[in-house]
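J.: Structure incoming, see below.
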Amino acid sequence: METLVVDHPLVAHKLTTLRDVRTDSPTFRRLTDELVTLLAYEATRDVRVADVTVETPLTPMTGAQLTRPTPLVVPILRAGLGMLDGMTRLLPTAKVGFLGMARDEETLRPATYADRLPNDLSGRQCYVLDPMLATGGTLAAAMRLLVERGADHVTAICLLAAPEGLHALTENLGEQNDVTLRVVTAAIDDRLNDKGFILPGLGDAGDRLYGCV
């Protein structure tokens with residue numbers, strides 16, 4: 001399991017405003033969108049491309065285009081939806097699948113309630129969107145599902161991660177032969193509290209994106 005913390009002044013600035021309890025939902029959504037695009041820029045450094053020849057107004061040249069199958073972007077409902085536009089802005093040709101997973105607040109274990117993913121992901125790069133890597137159970141289950149369906153390169157993009165969550169991913173996913181597993185995040189925070197929330201964190205990302213339901 002590879003982990004990349006994106007160290008950039010704009011990332012730190014936007015994340016600080018997201019953490020602020022005074023930031024309202026419209027501002028939170030806008031900043032999440034902007035921050036995800038910055039994280040996605042780093043997360044896609046290994047996206048697969050192939051040489052292609054094009055005609056410029058002056059002469060032919062060899063450039064690069066995304067290979068097929070195109071990447072699959074998978075937001076984990078509901079909070080991951082707030083990251084989707086920021087990701088597809090950078091990868092407009094990517095396919096999008098949806099995975100509904102909710103954490104039981106008593107057991108802290110994930111439960112799947114929606115699966116809108118291709119059954120065959122052979123040879124496909126996947127990007128999972130989940131704002132908070134807290135206990136790691138939800139993200140581990142999502143990444144395992146993608147690998148079981150044939151994905152050989154899975155990158156999780158998170159606004160924040162907790163050390164416990166990163167450790168849980170490594171423990172739960174173990175060694176995956178010929179599969180690249182990565183986490184790209186804006187920061188690794190201190191720890192989880194006794195309710196499984198990240199400290200200092202930014203609160204419940206879903207509630208702050210969309211309001212309490």
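Labels for the structure tokens follow display order: chains A, B, ..., residues from 1 in each chain, ligands from 1.
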Need to verify the contact set: segment 86-100 of chain A, 6 Å, only C-alpha atoms, exclusion of same-chain residues closer than 2 positions in sequence. Can you return it as a PyMOL selection string?
T.: chain A and resi 33+36-37+70-77+83-84+112-117
J.: List every residue of segment 46-212 of chain A that DSSP, applied to the backbone of this structure, assigns to strand (DSSP E), and report them as an MDAnalysis selection string.
T.: chainID A and resid 49:55 60:66 72:77 95:96 98:103 110:116 125:129 132:133 153:158 160:161 180:185 191:192 198:199
J.: Which is closer to Ala141 of chain A than all the others in A:Thr180, A:Arg45, A:Met101, A:Glu164, using only C-alpha atoms?
T.: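 For Ala141 of chain A, the nearest of the given residues is A:Met101.
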J.: Which one of A:Met1, A:Leu181, A:Gly63, A:Phe28 sits closest to Lys14 of chain A if you count only C-alpha atoms?
T.: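 Of A:Met1, A:Leu181, A:Gly63, A:Phe28, the one nearest Lys14 of chain A, counting only C-alpha atoms, is A:Phe28.
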J.: May I ask which of the residues A:Glu148, A:Cys126, A:Met132, A:Pro57 is the closest one to Asp189 of chain A, counting only C-alpha atoms?
T.: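 The shortest atom-to-atom distance to Asp189 of chain A comes from A:Met132.
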J.: Which residue is closest to Pro131 of chain A? Choose from A:Leu66, A:Ala12, A:Met143, A:Val183 and count only C-alpha atoms.
T.: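 Between A:Leu66, A:Ala12, A:Met143, A:Val183, the residue approaching Pro131 of chain A most closely is A:Val183.
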J.: Quick one: residues within 7 Å of segment 3-8 of chain A, only C-alpha atoms counted, chain neighbours fewer than 4 positions away excluded, as a VMD selection string?
T.: chain A and resid 12 39 182 to 187
J.: Do a neighbour search on Phe197 of chain A at 12 Å with only C-alpha atoms, toss out local chain neighbours closer than 2 positions, and write the hits as a ChimeraX atom specification.
T.: /A:103,105,108,132-136,160-165,189-195,199-205
J.: Taking the DSSP assignment computed from this structure's backbone, write out as a list in words all residues of segment 27-89 of chain A that belong to helix (DSSP H, G or I).
T.: Thr27, Phe28, Arg29, Arg30, Leu31, Thr32, Asp33, Glu34, Leu35, Val36, Thr37, Leu38, Leu39, Ala40, Tyr41, Glu42, Ala43, Ala79, Gly80, Leu81, Gly82, Met83, Leu84, Asp85, Gly86, Met87, Thr88 and Arg89 of chain A
J.: Save out the residues we just selected, C-alpha atoms, as an mmCIF file, in the first residue's frame.
T.:
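Once written, part-v2.cif looks like this:
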data_model
loop_
_atom_site.group_PDB
_atom_site.id
_atom_site.type_symbol
_atom_site.label_atom_id
_atom_site.label_comp_id
_atom_site.auth_asym_id
_atom_site.auth_seq_id
_atom_site.Cartn_x
_atom_site.Cartn_y
_atom_site.Cartn_z
ATOM 1 C CA THR A 27 -18.280 27.114 0.485
ATOM 2 C CA PHE A 28 -17.415 23.634 1.727
ATOM 3 C CA ARG A 29 -18.701 22.087 -1.525
ATOM 4 C CA ARG A 30 -16.766 24.552 -3.686
ATOM 5 C CA LEU A 31 -13.511 24.077 -1.799
ATOM 6 C CA THR A 32 -13.899 20.285 -1.834
ATOM 7 C CA ASP A 33 -14.310 20.442 -5.598
ATOM 8 C CA GLU A 34 -11.164 22.563 -5.967
ATOM 9 C CA LEU A 35 -9.122 20.473 -3.541
ATOM 10 C CA VAL A 36 -10.036 17.208 -5.262
ATOM 11 C CA THR A 37 -8.799 18.535 -8.592
ATOM 12 C CA LEU A 38 -5.434 19.341 -6.981
ATOM 13 C CA LEU A 39 -5.244 15.878 -5.408
ATOM 14 C CA ALA A 40 -6.338 14.231 -8.651
ATOM 15 C CA TYR A 41 -3.501 15.930 -10.509
ATOM 16 C CA GLU A 42 -1.027 14.061 -8.296
ATOM 17 C CA ALA A 43 -3.079 10.857 -8.176
ATOM 18 C CA ALA A 79 -20.008 11.954 0.623
ATOM 19 C CA GLY A 80 -17.911 10.791 -2.323
ATOM 20 C CA LEU A 81 -20.358 12.490 -4.685
ATOM 21 C CA GLY A 82 -19.026 15.819 -3.481
ATOM 22 C CA MET A 83 -15.660 14.862 -4.981
ATOM 23 C CA LEU A 84 -16.894 13.644 -8.353
ATOM 24 C CA ASP A 85 -16.962 16.909 -10.326
ATOM 25 C CA GLY A 86 -13.452 17.815 -9.205
ATOM 26 C CA MET A 87 -12.175 14.447 -10.430
ATOM 27 C CA THR A 88 -14.009 14.284 -13.757
ATOM 28 C CA ARG A 89 -12.946 17.846 -14.560
#
J.: Taking 4 positions as the minimum chain separation for residues in the same chain, which residues sit within 8 Å of Val52 of chain A when counting only C-alpha atoms? Answer as a PyMOL selection string.
T.: chain A and resi 62-65
J.: Pull N, CA, C and O atoms from the residues just selected and write them as a PDB file, in the first residue's frame.
T.:
ATOM      1  N   THR A  62       4.298  13.453 -32.359  1.00  0.00           N
ATOM      2  CA  THR A  62       3.869  12.349 -31.511  1.00  0.00           C
ATOM      3  C   THR A  62       3.562  12.878 -30.120  1.00  0.00           C
ATOM      4  O   THR A  62       4.401  13.530 -29.491  1.00  0.00           O
ATOM      5  N   GLY A  63       2.351  12.606 -29.658  1.00  0.00           N
ATOM      6  CA  GLY A  63       1.930  13.012 -28.323  1.00  0.00           C
ATOM      7  C   GLY A  63       1.428  11.807 -27.542  1.00  0.00           C
ATOM      8  O   GLY A  63       1.821  10.672 -27.819  1.00  0.00           O
ATOM      9  N   ALA A  64       0.563  12.048 -26.560  1.00  0.00           N
ATOM     10  CA  ALA A  64       0.069  10.970 -25.702  1.00  0.00           C
ATOM     11  C   ALA A  64      -1.439  11.107 -25.516  1.00  0.00           C
ATOM     12  O   ALA A  64      -1.970  12.216 -25.422  1.00  0.00           O
ATOM     13  N   GLN A  65      -2.117   9.971 -25.463  1.00  0.00           N
ATOM     14  CA  GLN A  65      -3.542   9.920 -25.159  1.00  0.00           C
ATOM     15  C   GLN A  65      -3.790   8.799 -24.165  1.00  0.00           C
ATOM     16  O   GLN A  65      -3.041   7.820 -24.116  1.00  0.00           O
TER      17      GLN A  65
END
